Amino acid sequence: MASAANANLNAVRETMDVLLEISRLLNTGLDMESLSICVRLCEQGINPEALSAVIKELRKASESLKVRKLSPNTVT
Amino acid sequence: ISSVTELLGALCDSSLSGVSWKRRALGGVSREGFRRALKKCAYGALLSKLFQDGTKGCASGLSATASTPPRNRVLMICFDLRVAGCREEAERLEEQLERLPEGASSGLKEVDAVLELLVHLAGSAPPPPASF
């Protein structure tokens with residue numbers, strides 16, 4: 001029982017390593033932390049295209065925050 | 001973390017990493033306030049995409065690219081990389097794709113969905129800085 005769980009854990013680890021490398025080669029901008037969150041969201045049945053739209057929107061929003069940080073005179 | 005709401009919250013948090021909140025709080029933007037705005041933005045994007053997909057399915061068939069399996073779409077990207085002269089990257093990508101286990105042997109239920117996500121996000125990050 002424990003060895004089956006270990007084997008599955010090893011399989012997940014190896015798959016995650018390959019996915020991270022593919023992600024890096026595709027220049028997706030995902031780090032290991034956000035990739036593992038995305039994997040779990042996909043495992044929960046979230047549509048991958050919709051999830052990619054979410055990630056792009058979050059990037060736009062956090063980018064706008066960083067721009068505001070660079071121009072402190074901007075009134076929000 | 002296991003529920004979709006918790007995972008989306010974690011995704012918002014990870015997109016805020018690297019932002020300093022010390023001066024930000026003085027400017028009237030609190031971390032909590034911005035986190036709430038990000039969550040609203042995330043749910044907005046998720047739901048609008050899901051509703052769009054619902055109407056698309058009723059009105060017309062899926063496009064050829066949308067129905068192509070994600071592994072084949074990665075191979076199409078490899079072809080594009082070769083055409084663009086990035087042979088090494090294309091080979092490395094093909095190599096990794098061969099290493100990626102299919103189905104239950106991957107330990108994941110939705111490995112192809114994750115691959116599809118990566119295809120949708122391909123090239124969405126700024127290119128890495130050139131080294132001299």
# chains A, B, ... in the order shown; residues from 1 in each chain; ligands from 1
call {"tool": "interface_residues", "arguments": {"of": "chain A", "to": "chain B", "cutoff": "8 Å", "atoms": "only C-alpha atoms", "output": "compact mmCIF listing (two decimals) with C-alpha atoms, in the first residue's frame"}}
result
# COMPACT_ATOMS: atom_id res chain seq x y z
CA ASN A 8 2.64 7.38 -7.49
CA LEU A 9 4.43 10.23 -5.71
CA ALA A 11 5.55 9.45 -10.94
CA VAL A 12 3.94 12.82 -10.10
CA GLU A 14 8.86 13.13 -12.56
CA THR A 15 5.85 14.36 -14.54
CA VAL A 18 9.02 17.33 -17.35
CA LEU A 19 6.06 19.74 -17.37
CA GLU A 21 10.89 22.00 -18.46
CA ILE A 22 8.27 22.07 -21.27
CA SER A 23 6.80 25.20 -19.67
CA LEU A 25 10.94 25.91 -23.25
CA LEU A 26 7.55 27.30 -24.30
CA ASN A 27 8.27 30.51 -22.37
CA THR A 28 4.98 30.41 -20.46
CA GLY A 29 6.33 32.42 -17.50
CA GLU A 33 4.68 27.13 -7.56
CA SER A 34 2.19 28.54 -10.08
CA ILE A 37 -1.39 25.32 -8.62
CA CYS A 38 -2.42 25.16 -12.29
CA VAL A 39 -1.95 21.37 -12.35
CA ARG A 40 -4.26 21.05 -9.34
CA LEU A 41 -6.84 23.35 -10.96
CA CYS A 42 -6.75 21.21 -14.12
CA GLU A 43 -7.14 18.10 -11.94
CA GLN A 44 -10.27 19.79 -10.50
CA ASN A 47 -10.93 24.32 -18.57
CA PRO A 48 -7.26 24.92 -19.57
CA GLU A 49 -8.13 27.68 -22.07
CA ALA A 50 -10.15 29.52 -19.42
CA LEU A 51 -7.30 29.05 -16.95
CA SER A 52 -4.82 30.54 -19.42
CA ALA A 53 -7.13 33.58 -19.73
CA VAL A 54 -7.15 33.90 -15.92
CA ILE A 55 -3.33 33.81 -15.77
CA LYS A 56 -3.00 36.43 -18.51
CA GLU A 57 -5.50 38.71 -16.73
CA LEU A 58 -3.70 38.30 -13.40
CA ARG A 59 -0.42 39.20 -15.08
CA ALA A 61 -3.40 43.37 -13.25
CA SER A 62 -0.19 42.81 -11.28
CA LYS A 66 4.06 47.54 -10.65
CA LYS A 69 4.66 51.68 -8.16
CA PRO A 72 4.27 57.41 -7.35
call {"tool": "residues_around", "arguments": {"residues": "Met32 (chain A)", "least_positions_apart": "4", "cutoff": "9 Å", "atoms": "only C-alpha atoms", "output": "list in words"}}
result
Met16, Asp17, Leu20, Ser36 and Ile37 of chain A
call {"tool": "select_by_dssp", "arguments": {"residues": "chain A", "states": "helix (DSSP H, G or I)", "output": "number ranges by chain"}}
result
A: 2-25, 32-43, 48-70
call {"tool": "atom_distance", "arguments": {"atom1": "CA of Gly103 (chain B)", "atom2": "CA of Asn6 (chain A)"}}
result
17.7 Å
call {"tool": "decode", "arguments": {"residues": "region 21-33 of chain A", "atoms": "N, CA and C atoms", "output": "compact mmCIF listing (two decimals), in the first residue's frame"}}
result
# COMPACT_ATOMS: atom_id res chain seq x y z
N GLU A 21 9.90 21.78 -17.39
CA GLU A 21 10.89 22.00 -18.46
C GLU A 21 10.17 22.38 -19.77
N ILE A 22 9.04 21.72 -20.06
CA ILE A 22 8.27 22.07 -21.27
C ILE A 22 7.78 23.51 -21.14
N SER A 23 7.31 23.85 -19.94
CA SER A 23 6.80 25.20 -19.67
C SER A 23 7.89 26.24 -19.91
N ARG A 24 9.10 25.92 -19.46
CA ARG A 24 10.23 26.84 -19.62
C ARG A 24 10.58 27.00 -21.11
N LEU A 25 10.61 25.86 -21.83
CA LEU A 25 10.94 25.91 -23.25
C LEU A 25 9.88 26.67 -24.06
N LEU A 26 8.63 26.59 -23.60
CA LEU A 26 7.55 27.30 -24.30
C LEU A 26 7.44 28.76 -23.86
N ASN A 27 8.27 29.13 -22.88
CA ASN A 27 8.27 30.51 -22.37
C ASN A 27 6.89 30.94 -21.88
N THR A 28 6.32 30.12 -20.99
CA THR A 28 4.98 30.41 -20.46
C THR A 28 5.03 31.38 -19.28
N GLY A 29 6.21 31.52 -18.65
CA GLY A 29 6.33 32.42 -17.50
C GLY A 29 5.85 31.81 -16.20
N LEU A 30 5.55 30.50 -16.19
CA LEU A 30 5.09 29.86 -14.95
C LEU A 30 6.29 29.34 -14.16
N ASP A 31 6.30 29.60 -12.85
CA ASP A 31 7.34 28.99 -12.02
C ASP A 31 6.75 27.70 -11.42
N MET A 32 7.57 26.97 -10.65
CA MET A 32 7.11 25.68 -10.12
C MET A 32 5.85 25.84 -9.26
N GLU A 33 5.82 26.93 -8.46
CA GLU A 33 4.68 27.13 -7.56
C GLU A 33 3.38 27.35 -8.36
